[in-house]
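Chemist: My structure is stored as upload-v4.pdb, with PDB, C-alpha atoms.
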```
ATOM      1  CA  MET P   1      -4.354   3.519  72.846
ATOM      2  CA  ARG P   2      -7.424   5.452  73.950
ATOM      3  CA  PRO P   3     -10.868   3.901  73.485
ATOM      4  CA  TYR P   4     -12.093   6.560  71.056
ATOM      5  CA  LYS P   5      -9.127   5.936  68.763
ATOM      6  CA  ARG P   6      -9.801   2.236  68.827
ATOM      7  CA  TRP P   7     -13.432   2.826  67.861
ATOM      8  CA  PHE P   8     -12.379   5.268  65.157
ATOM      9  CA  TYR P   9     -10.013   2.754  63.568
ATOM     10  CA  LEU P  10     -12.614  -0.016  63.842
ATOM     11  CA  VAL P  11     -15.362   2.055  62.229
ATOM     12  CA  MET P  12     -13.090   3.326  59.451
ATOM     13  CA  GLY P  13     -11.902  -0.210  58.740
ATOM     14  CA  LEU P  14     -15.439  -1.550  58.571
ATOM     15  CA  VAL P  15     -16.548   1.290  56.297
ATOM     16  CA  ALA P  16     -13.581   0.746  53.988
ATOM     17  CA  ALA P  17     -14.194  -3.017  53.868
ATOM     18  CA  PHE P  18     -17.894  -2.530  53.129
ATOM     19  CA  ILE P  19     -17.216  -0.063  50.321
ATOM     20  CA  ALA P  20     -14.459  -2.242  48.845
ATOM     21  CA  VAL P  21     -16.623  -5.368  48.817
ATOM     22  CA  SER P  22     -19.601  -3.448  47.430
ATOM     23  CA  SER P  23     -17.566  -1.950  44.611
ATOM     24  CA  ILE P  24     -16.043  -5.326  43.731
ATOM     25  CA  VAL P  25     -19.476  -6.954  43.618
ATOM     26  CA  GLN P  26     -20.819  -4.125  41.488
ATOM     27  CA  ALA P  27     -17.808  -4.364  39.150
ATOM     28  CA  ILE P  28     -18.387  -8.092  38.697
ATOM     29  CA  ASN P  29     -22.092  -7.544  38.000
ATOM     30  CA  GLU P  30     -21.392  -4.779  35.474
ATOM     31  CA  GLY P  31     -18.360  -6.452  33.931
ATOM     32  CA  SER P  32     -16.263  -3.275  34.067
ATOM     33  CA  TRP P  33     -13.593  -1.585  36.188
ATOM     34  CA  GLY P  34     -15.668   1.587  36.619
ATOM     35  CA  PRO P  35     -16.940   0.956  40.170
ATOM     36  CA  ILE P  36     -13.468   0.090  41.444
ATOM     37  CA  VAL P  37     -11.901   3.141  39.829
ATOM     38  CA  SER P  38     -14.595   5.380  41.302
ATOM     39  CA  VAL P  39     -13.628   4.454  44.904
ATOM     40  CA  ALA P  40      -9.855   4.367  44.398
ATOM     41  CA  TRP P  41      -9.509   7.671  46.291
ATOM     42  CA  LEU P  42     -10.925   6.172  49.499
ATOM     43  CA  PRO P  43      -7.656   4.811  51.003
ATOM     44  CA  ALA P  44      -6.073   8.260  50.764
ATOM     45  CA  VAL P  45      -8.997   9.837  52.610
ATOM     46  CA  ILE P  46      -8.856   7.212  55.352
ATOM     47  CA  VAL P  47      -5.128   7.749  55.880
ATOM     48  CA  ALA P  48      -5.513  11.540  55.887
ATOM     49  CA  SER P  49      -8.377  11.432  58.385
ATOM     50  CA  ARG P  50      -6.437   9.561  61.059
ATOM     51  CA  PRO P  51      -6.102  11.558  64.286
ATOM     52  CA  GLY P  52      -2.757  13.320  64.659
ATOM     53  CA  VAL P  53      -1.653  13.056  61.030
ATOM     54  CA  GLY P  54      -1.450  16.803  60.415
ATOM     55  CA  ARG P  55       0.356  17.680  63.631
ATOM     56  CA  ARG P  56       3.539  15.798  62.765
ATOM     57  CA  CYS P  57       4.327  18.037  59.801
ATOM     58  CA  LEU P  58       3.994  21.390  61.544
ATOM     59  CA  ARG P  59       7.165  23.295  62.321
ATOM     60  CA  GLY P  60       8.016  24.696  65.729
ATOM     61  CA  ARG P  61       7.175  28.138  67.040
ATOM     62  CA  SER P  62      10.693  29.470  66.553
ATOM     63  CA  GLY P  63       9.885  30.360  62.948
ATOM     64  CA  ARG P  64      13.000  28.725  61.535
ATOM     65  CA  LEU P  65      12.895  25.750  59.237
ATOM     66  CA  GLY P  66      14.920  22.628  59.653
TER      67      GLY P  66
END
```
Would you give me this structure, written as structure tokens?
Modeler:
Amino acid sequence: MRPYKRWFYLVMGLVAAFIAVSSIVQAINEGSWGPIVSVAWLPAVIVASRPGVGRRCLRGRSGRLG
């Protein structure tokens, strides 16, 4: 694994952990599920932003499917 990928995964993991803990603390303080629901989209963004995710789904240059 290249160093920049390692740093990318580390930073994204730390950001996700910080946001998750912050939203849980805020939800406990407010006594509602609102803060947790408002960041529920974050895991999908993290998965979609991984390097190389979009390249696996592209078809070849031949123009034919399958």
Chemist: Env of segment 30-44 of chain P: 8 Å cut, atoms = only C-alpha atoms, seq-sep filter 3 positions within chain, self excluded. Answer as an mmCIF file with C-alpha atoms, keeping the file's coordinate frame.
Modeler:
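Listing of result26.cif after writing:
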```
data_model
loop_
_atom_site.group_PDB
_atom_site.id
_atom_site.type_symbol
_atom_site.label_atom_id
_atom_site.label_comp_id
_atom_site.auth_asym_id
_atom_site.auth_seq_id
_atom_site.Cartn_x
_atom_site.Cartn_y
_atom_site.Cartn_z
ATOM 1 C CA ALA P 16 -13.581 0.746 53.988
ATOM 2 C CA ILE P 19 -17.216 -0.063 50.321
ATOM 3 C CA ALA P 20 -14.459 -2.242 48.845
ATOM 4 C CA SER P 23 -17.566 -1.950 44.611
ATOM 5 C CA ILE P 24 -16.043 -5.326 43.731
ATOM 6 C CA GLN P 26 -20.819 -4.125 41.488
ATOM 7 C CA ALA P 27 -17.808 -4.364 39.150
ATOM 8 C CA VAL P 47 -5.128 7.749 55.880
ATOM 9 C CA ALA P 48 -5.513 11.540 55.887
#
```
Chemist: In Å, rounded to a single decimal, give me how far atom CA of Tyr4 of chain P is from atom CA of Arg50 of chain P.
Modeler: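 Atom CA of Tyr4 of chain P lies 11.9 Å from atom CA of Arg50 of chain P.
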Chemist: Mind giving me the straight-line distance from atom CA of Ala17 of chain P to atom CA of Arg2 of chain P in Å, one decimal?
Modeler: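 Distance between the two atoms: 22.8 Å.
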Chemist: What's the separation between atom CA of Tyr9 of chain P and atom CA of Val21 of chain P, in Å to one decimal place?
Modeler: 18.1 Å
Chemist: As an mmCIF file, in the coordinates of the input, please: segment 31-49 of chain P completed to N, CA and C atoms.
Modeler:
```cif
data_model
loop_
_atom_site.group_PDB
_atom_site.id
_atom_site.type_symbol
_atom_site.label_atom_id
_atom_site.label_comp_id
_atom_site.auth_asym_id
_atom_site.auth_seq_id
_atom_site.Cartn_x
_atom_site.Cartn_y
_atom_site.Cartn_z
ATOM 1 N N GLY P 31 -19.380 -5.995 34.857
ATOM 2 C CA GLY P 31 -18.360 -6.452 33.931
ATOM 3 C C GLY P 31 -17.403 -5.352 33.513
ATOM 4 N N SER P 32 -17.195 -4.365 34.391
ATOM 5 C CA SER P 32 -16.263 -3.275 34.067
ATOM 6 C C SER P 32 -15.487 -2.877 35.315
ATOM 7 N N TRP P 33 -14.429 -2.075 35.098
ATOM 8 C CA TRP P 33 -13.593 -1.585 36.188
ATOM 9 C C TRP P 33 -14.106 -0.269 36.765
ATOM 10 N N GLY P 34 -15.156 0.284 36.218
ATOM 11 C CA GLY P 34 -15.668 1.587 36.619
ATOM 12 C C GLY P 34 -15.947 1.737 38.108
ATOM 13 N N PRO P 35 -16.664 0.803 38.738
ATOM 14 C CA PRO P 35 -16.940 0.956 40.170
ATOM 15 C C PRO P 35 -15.685 0.932 41.044
ATOM 16 N N ILE P 36 -14.701 0.154 40.655
ATOM 17 C CA ILE P 36 -13.468 0.090 41.444
ATOM 18 C C ILE P 36 -12.674 1.375 41.279
ATOM 19 N N VAL P 37 -12.624 1.892 40.078
ATOM 20 C CA VAL P 37 -11.901 3.141 39.829
ATOM 21 C C VAL P 37 -12.568 4.306 40.552
ATOM 22 N N SER P 38 -13.891 4.265 40.673
ATOM 23 C CA SER P 38 -14.595 5.380 41.302
ATOM 24 C C SER P 38 -14.364 5.472 42.804
ATOM 25 N N VAL P 39 -13.913 4.408 43.467
ATOM 26 C CA VAL P 39 -13.628 4.454 44.904
ATOM 27 C C VAL P 39 -12.133 4.326 45.193
ATOM 28 N N ALA P 40 -11.299 4.507 44.203
ATOM 29 C CA ALA P 40 -9.855 4.367 44.398
ATOM 30 C C ALA P 40 -9.277 5.461 45.290
ATOM 31 N N TRP P 41 -9.966 6.572 45.451
ATOM 32 C CA TRP P 41 -9.509 7.671 46.291
ATOM 33 C C TRP P 41 -9.734 7.402 47.772
ATOM 34 N N LEU P 42 -10.542 6.424 48.118
ATOM 35 C CA LEU P 42 -10.925 6.172 49.499
ATOM 36 C C LEU P 42 -9.748 5.872 50.437
ATOM 37 N N PRO P 43 -8.765 5.050 50.073
ATOM 38 C CA PRO P 43 -7.656 4.811 51.003
ATOM 39 C C PRO P 43 -6.897 6.085 51.377
ATOM 40 N N ALA P 44 -6.760 7.002 50.443
ATOM 41 C CA ALA P 44 -6.073 8.260 50.764
ATOM 42 C C ALA P 44 -6.857 9.087 51.769
ATOM 43 N N VAL P 45 -8.163 9.091 51.663
ATOM 44 C CA VAL P 45 -8.997 9.837 52.610
ATOM 45 C C VAL P 45 -8.938 9.207 53.988
ATOM 46 N N ILE P 46 -8.928 7.895 54.061
ATOM 47 C CA ILE P 46 -8.856 7.212 55.352
ATOM 48 C C ILE P 46 -7.527 7.496 56.035
ATOM 49 N N VAL P 47 -6.436 7.458 55.295
ATOM 50 C CA VAL P 47 -5.128 7.749 55.880
ATOM 51 C C VAL P 47 -5.048 9.195 56.331
ATOM 52 N N ALA P 48 -5.576 10.119 55.535
ATOM 53 C CA ALA P 48 -5.513 11.540 55.887
ATOM 54 C C ALA P 48 -6.417 11.893 57.059
ATOM 55 N N SER P 49 -7.445 11.108 57.310
ATOM 56 C CA SER P 49 -8.377 11.432 58.385
ATOM 57 C C SER P 49 -7.987 10.825 59.727
#
```
